[in-house]
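Engineer: Contents of start_16.pdb (PDB, C-alpha atoms, pLDDT in the B column):
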```
ATOM      1  CA  LEU A 231      73.843 106.556  31.130  1.00 52.00           C
ATOM      2  CA  GLY A 232      76.115 105.254  28.451  1.00 56.00           C
ATOM      3  CA  THR A 233      76.313 101.763  29.869  1.00 55.00           C
ATOM      4  CA  LYS A 234      75.658  98.575  28.003  1.00 59.00           C
ATOM      5  CA  PRO A 235      75.161  95.148  29.579  1.00 54.00           C
ATOM      6  CA  ARG A 236      78.562  93.548  30.114  1.00 59.00           C
ATOM      7  CA  TYR A 237      77.956  90.438  32.153  1.00 61.00           C
ATOM      8  CA  LYS A 238      75.379  87.724  32.588  1.00 70.00           C
ATOM      9  CA  THR A 239      72.098  88.615  34.265  1.00 77.00           C
ATOM     10  CA  PRO A 240      70.994  85.542  36.283  1.00 82.00           C
ATOM     11  CA  LEU A 241      67.734  86.985  37.580  1.00 90.00           C
ATOM     12  CA  SER A 242      65.617  83.814  37.667  1.00 91.00           C
ATOM     13  CA  GLN A 243      67.263  82.256  40.712  1.00 91.00           C
ATOM     14  CA  HIS A 244      67.077  85.560  42.582  1.00 92.00           C
ATOM     15  CA  ILE A 245      63.389  86.016  41.754  1.00 94.00           C
ATOM     16  CA  TRP A 246      62.692  82.503  43.062  1.00 95.00           C
ATOM     17  CA  ALA A 247      64.608  83.272  46.282  1.00 95.00           C
ATOM     18  CA  VAL A 248      62.578  86.449  46.779  1.00 95.00           C
ATOM     19  CA  HIS A 249      59.409  84.491  45.968  1.00 96.00           C
ATOM     20  CA  ARG A 250      60.165  82.066  48.816  1.00 96.00           C
ATOM     21  CA  GLN A 251      60.801  84.926  51.241  1.00 96.00           C
ATOM     22  CA  VAL A 252      57.618  86.789  50.337  1.00 96.00           C
ATOM     23  CA  LYS A 253      55.568  83.591  50.443  1.00 96.00           C
ATOM     24  CA  ASP A 254      56.868  82.928  53.969  1.00 96.00           C
ATOM     25  CA  MET A 255      56.020  86.445  55.143  1.00 95.00           C
ATOM     26  CA  SER A 256      52.630  86.674  53.390  1.00 94.00           C
ATOM     27  CA  PRO A 257      50.604  85.361  56.345  1.00 93.00           C
ATOM     28  CA  PHE A 258      52.022  88.173  58.472  1.00 94.00           C
ATOM     29  CA  LEU A 259      51.114  91.011  56.103  1.00 93.00           C
ATOM     30  CA  GLU A 260      48.097  93.110  56.918  1.00 93.00           C
ATOM     31  CA  LYS A 261      45.143  92.971  54.549  1.00 92.00           C
ATOM     32  CA  GLY A 262      45.958  94.944  51.403  1.00 89.00           C
ATOM     33  CA  GLN A 263      49.630  95.295  52.312  1.00 91.00           C
ATOM     34  CA  ARG A 264      52.128  94.468  49.567  1.00 91.00           C
ATOM     35  CA  VAL A 265      55.867  93.960  49.383  1.00 93.00           C
ATOM     36  CA  ALA A 266      57.893  96.204  47.063  1.00 92.00           C
ATOM     37  CA  ILE A 267      60.388  94.223  44.984  1.00 93.00           C
ATOM     38  CA  VAL A 268      63.035  96.418  43.335  1.00 93.00           C
ATOM     39  CA  ILE A 269      65.081  94.949  40.492  1.00 92.00           C
ATOM     40  CA  ALA A 270      68.035  97.087  39.396  1.00 91.00           C
ATOM     41  CA  THR A 271      69.444  95.743  36.156  1.00 89.00           C
ATOM     42  CA  ASP A 272      71.488  96.629  33.106  1.00 85.00           C
ATOM     43  CA  GLY A 273      70.361  93.773  30.917  1.00 85.00           C
ATOM     44  CA  ILE A 274      68.010  91.033  29.871  1.00 88.00           C
ATOM     45  CA  PRO A 275      67.773  87.857  31.975  1.00 90.00           C
ATOM     46  CA  ASN A 276      70.055  85.033  30.805  1.00 87.00           C
ATOM     47  CA  ASP A 277      67.234  82.529  30.675  1.00 90.00           C
ATOM     48  CA  GLU A 278      64.167  84.497  29.613  1.00 88.00           C
ATOM     49  CA  GLU A 279      61.803  81.516  29.813  1.00 90.00           C
ATOM     50  CA  ALA A 280      62.802  80.655  33.400  1.00 92.00           C
ATOM     51  CA  PHE A 281      62.654  84.328  34.347  1.00 91.00           C
ATOM     52  CA  LEU A 282      59.163  84.798  32.891  1.00 90.00           C
ATOM     53  CA  ASP A 283      57.997  81.674  34.716  1.00 91.00           C
ATOM     54  CA  ALA A 284      59.356  83.042  37.990  1.00 92.00           C
ATOM     55  CA  MET A 285      57.705  86.423  37.348  1.00 91.00           C
ATOM     56  CA  HIS A 286      54.354  84.763  36.696  1.00 90.00           C
ATOM     57  CA  HIS A 287      54.608  83.038  40.067  1.00 92.00           C
ATOM     58  CA  MET A 288      55.504  86.350  41.720  1.00 92.00           C
ATOM     59  CA  GLN A 289      52.163  87.730  40.519  1.00 88.00           C
ATOM     60  CA  GLU A 290      50.411  85.221  42.798  1.00 90.00           C
ATOM     61  CA  LEU A 291      51.882  87.003  45.814  1.00 93.00           C
ATOM     62  CA  PRO A 292      51.106  90.418  47.313  1.00 93.00           C
ATOM     63  CA  VAL A 293      53.964  92.215  45.553  1.00 92.00           C
ATOM     64  CA  TYR A 294      54.599  95.381  43.626  1.00 89.00           C
ATOM     65  CA  ILE A 295      57.546  95.057  41.236  1.00 91.00           C
ATOM     66  CA  ILE A 296      59.739  97.992  40.252  1.00 91.00           C
ATOM     67  CA  VAL A 297      62.474  97.625  37.653  1.00 91.00           C
ATOM     68  CA  ARG A 298      65.154 100.312  37.763  1.00 91.00           C
ATOM     69  CA  LEU A 299      66.933 100.283  34.426  1.00 89.00           C
ATOM     70  CA  CYS A 300      70.644 101.048  34.636  1.00 88.00           C
ATOM     71  CA  THR A 301      71.316 101.123  30.898  1.00 86.00           C
ATOM     72  CA  ASN A 302      70.463 102.812  27.628  1.00 84.00           C
ATOM     73  CA  ASP A 303      70.771  99.535  25.743  1.00 85.00           C
ATOM     74  CA  GLU A 304      67.790  99.465  23.359  1.00 88.00           C
ATOM     75  CA  ALA A 305      67.230  95.694  23.540  1.00 88.00           C
ATOM     76  CA  SER A 306      67.194  95.753  27.346  1.00 87.00           C
ATOM     77  CA  MET A 307      64.895  98.763  27.469  1.00 87.00           C
ATOM     78  CA  HIS A 308      62.502  97.149  24.996  1.00 89.00           C
ATOM     79  CA  PHE A 309      62.416  93.877  26.941  1.00 89.00           C
ATOM     80  CA  TRP A 310      61.542  95.571  30.217  1.00 88.00           C
ATOM     81  CA  ASN A 311      59.180  98.185  28.800  1.00 85.00           C
ATOM     82  CA  THR A 312      57.095  95.535  27.017  1.00 87.00           C
ATOM     83  CA  LEU A 313      57.179  92.929  29.779  1.00 83.00           C
ATOM     84  CA  ASP A 314      53.758  93.872  31.107  1.00 75.00           C
ATOM     85  CA  LEU A 315      52.286  93.893  27.584  1.00 75.00           C
ATOM     86  CA  ASP A 316      53.825  90.637  26.391  1.00 67.00           C
ATOM     87  CA  ILE A 317      53.074  88.376  29.312  1.00 68.00           C
ATOM     88  CA  ASN A 318      50.677  90.345  31.483  1.00 69.00           C
ATOM     89  CA  VAL A 319      53.106  90.831  34.359  1.00 70.00           C
ATOM     90  CA  SER A 320      52.531  94.031  36.300  1.00 75.00           C
ATOM     91  CA  VAL A 321      55.826  95.897  36.526  1.00 85.00           C
ATOM     92  CA  GLU A 322      56.720  99.562  37.017  1.00 87.00           C
ATOM     93  CA  VAL A 323      59.781 100.290  34.872  1.00 88.00           C
ATOM     94  CA  LEU A 324      61.820 103.334  35.874  1.00 90.00           C
ATOM     95  CA  ASP A 325      64.480 104.992  33.801  1.00 89.00           C
ATOM     96  CA  ASP A 326      67.130 107.349  35.146  1.00 90.00           C
ATOM     97  CA  PHE A 327      66.123 110.643  36.770  1.00 94.00           C
ATOM     98  CA  GLU A 328      66.691 112.791  33.690  1.00 94.00           C
ATOM     99  CA  ALA A 329      64.577 110.574  31.415  1.00 91.00           C
ATOM    100  CA  GLU A 330      61.767 110.334  33.975  1.00 92.00           C
ATOM    101  CA  ALA A 331      61.832 114.121  34.544  1.00 94.00           C
ATOM    102  CA  ASP A 332      61.789 114.791  30.780  1.00 95.00           C
ATOM    103  CA  ALA A 333      58.830 112.451  30.306  1.00 92.00           C
ATOM    104  CA  ALA A 334      56.908 114.090  33.164  1.00 93.00           C
ATOM    105  CA  PHE A 335      57.724 117.578  31.826  1.00 94.00           C
ATOM    106  CA  SER A 336      56.592 116.695  28.306  1.00 94.00           C
ATOM    107  CA  MET A 337      53.135 115.818  29.648  1.00 93.00           C
ATOM    108  CA  ASN A 338      52.960 118.218  32.599  1.00 93.00           C
ATOM    109  CA  PRO A 339      55.331 121.191  32.188  1.00 93.00           C
ATOM    110  CA  TRP A 340      54.014 122.768  35.386  1.00 92.00           C
ATOM    111  CA  CYS A 341      55.302 119.867  37.471  1.00 89.00           C
ATOM    112  CA  ASN A 342      58.735 119.874  39.084  1.00 92.00           C
ATOM    113  CA  TYR A 343      59.687 116.206  38.922  1.00 93.00           C
ATOM    114  CA  CYS A 344      62.487 116.357  41.461  1.00 94.00           C
ATOM    115  CA  MET A 345      64.995 113.832  42.752  1.00 96.00           C
ATOM    116  CA  PRO A 346      62.981 112.986  45.913  1.00 96.00           C
ATOM    117  CA  ILE A 347      60.090 111.849  43.695  1.00 94.00           C
ATOM    118  CA  GLN A 348      62.468 109.652  41.702  1.00 94.00           C
ATOM    119  CA  ARG A 349      63.990 108.165  44.865  1.00 95.00           C
ATOM    120  CA  MET A 350      60.561 107.474  46.378  1.00 94.00           C
ATOM    121  CA  ARG A 351      59.530 105.627  43.222  1.00 92.00           C
ATOM    122  CA  GLU A 352      62.825 103.699  43.075  1.00 92.00           C
ATOM    123  CA  TRP A 353      62.383 102.543  46.663  1.00 91.00           C
ATOM    124  CA  GLY A 354      58.846 101.273  46.215  1.00 87.00           C
ATOM    125  CA  PHE A 355      56.512 104.157  46.979  1.00 89.00           C
ATOM    126  CA  ARG A 356      53.511 103.662  44.770  1.00 84.00           C
ATOM    127  CA  SER A 357      51.124 106.395  43.759  1.00 84.00           C
ATOM    128  CA  PRO A 358      48.824 106.480  40.731  1.00 83.00           C
ATOM    129  CA  LEU A 359      49.589 110.201  40.491  1.00 86.00           C
ATOM    130  CA  PHE A 360      53.309 109.615  39.963  1.00 83.00           C
ATOM    131  CA  GLU A 361      52.590 106.874  37.442  1.00 80.00           C
ATOM    132  CA  ARG A 362      50.302 109.192  35.448  1.00 84.00           C
ATOM    133  CA  LEU A 363      52.691 112.168  35.445  1.00 84.00           C
ATOM    134  CA  ARG A 364      54.603 110.825  32.479  1.00 82.00           C
ATOM    135  CA  GLU A 365      51.634 109.265  30.681  1.00 85.00           C
ATOM    136  CA  ARG A 366      49.102 112.082  30.246  1.00 90.00           C
ATOM    137  CA  PRO A 367      48.426 115.731  31.107  1.00 91.00           C
ATOM    138  CA  LEU A 368      46.911 116.221  34.541  1.00 86.00           C
ATOM    139  CA  SER A 369      44.529 119.023  35.292  1.00 76.00           C
TER     140      SER A 369
END
```
Can you present the structure in this file as structure tokens?
Structural biologist:
Amino acid sequence: LGTKPRYKTPLSQHIWAVHRQVKDMSPFLEKGQRVAIVIATDGIPNDEEAFLDAMHHMQELPVYIIVRLCTNDEASMHFWNTLDLDINVSVEVLDDFEAEADAAFSMNPWCNYCMPIQRMREWGFRSPLFERLRERPLS
């Protein structure tokens, strides 16, 4: 990916719209069931303060948030990769397939991190195993 952010990224209003939808459906979810929210972005939100406020409110709902980065822009990558550290918002940040496969291979060279695994993660499938593949060697 050689892309850099080119346009505005008005995420706050979209996060609030999703918040309303999830809040409305929450009473109908089964116990322990969560909604996968996938954010595909190539940049940093226009209004970071409003975005962070919206994300804090999302944490009150039964959601699992995945951010699919569509850029190699260092500032954007840093913002998203430190989001959970800076403000304690639980987010799974996914890079492109090649970067995710390289990270998994560096920790677990025996593992074939294939495209179906990437697609499952991008579309909200959550597994502690997949999250650990790129973080530490598994035995």
Engineer: Name all residues at most 10 Å from Leu368 in chain A (count only C-alpha atoms; drop same-chain ones fewer than 3 positions away) and give them as a ChimeraX atom specification.
Structural biologist: /A:337-338,340-341,359,362-365
Engineer: Of the candidates A:Gln251, A:Thr271, A:Thr239, A:Asn342, which shows the shortest atom-to-atom distance to Met307 in chain A, using only C-alpha atoms?
Structural biologist: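 Of A:Gln251, A:Thr271, A:Thr239, A:Asn342, the one nearest Met307 in chain A, counting only C-alpha atoms, is A:Thr271.
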Engineer: The PyMOL selection byres ((chain A and resi 321) around 9) on the file shown: which residues, as a list in words?
Structural biologist: Tyr294, Ile295, Ile296, Val297, Trp310, Asn311, Leu313, Asp314, Val319, Ser320, Glu322 and Val323 of chain A
Engineer: With a distance cut-off of 8 Å and only C-alpha atoms, select the neighbouring residues of Lys253 in chain A, excluding the residue or stretch itself and same-chain residues fewer than 4 positions from it, and output the selection as a PDB file with C-alpha atoms, keeping the file's coordinate frame.
Structural biologist:
```pdb
ATOM      1  CA  HIS A 249      59.409  84.491  45.968  1.00 96.00           C
ATOM      2  CA  PRO A 257      50.604  85.361  56.345  1.00 93.00           C
ATOM      3  CA  LEU A 291      51.882  87.003  45.814  1.00 93.00           C
TER       4      LEU A 291
END
```
Engineer: May I ask for the distance between CA of Asp254 in chain A and CA of Glu279 in chain A, given in Å to one decimal place?
Structural biologist: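 CA of Glu279 in chain A lies 24.7 Å from CA of Asp254 in chain A.
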Engineer: Apply the PyMOL selection byres ((chain A and resi 265) around 9) to the structure shown and report the selected residues as a list of chain:residue names.
Structural biologist: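 Output from the PyMOL selection byres ((chain A and resi 265) around 9), applied to this file: A:Val252, A:Ser256, A:Leu259, A:Gln263, A:Arg264, A:Ala266, A:Ile267, A:Leu291, A:Pro292, A:Val293, A:Tyr294, A:Ile295, A:Gly354.
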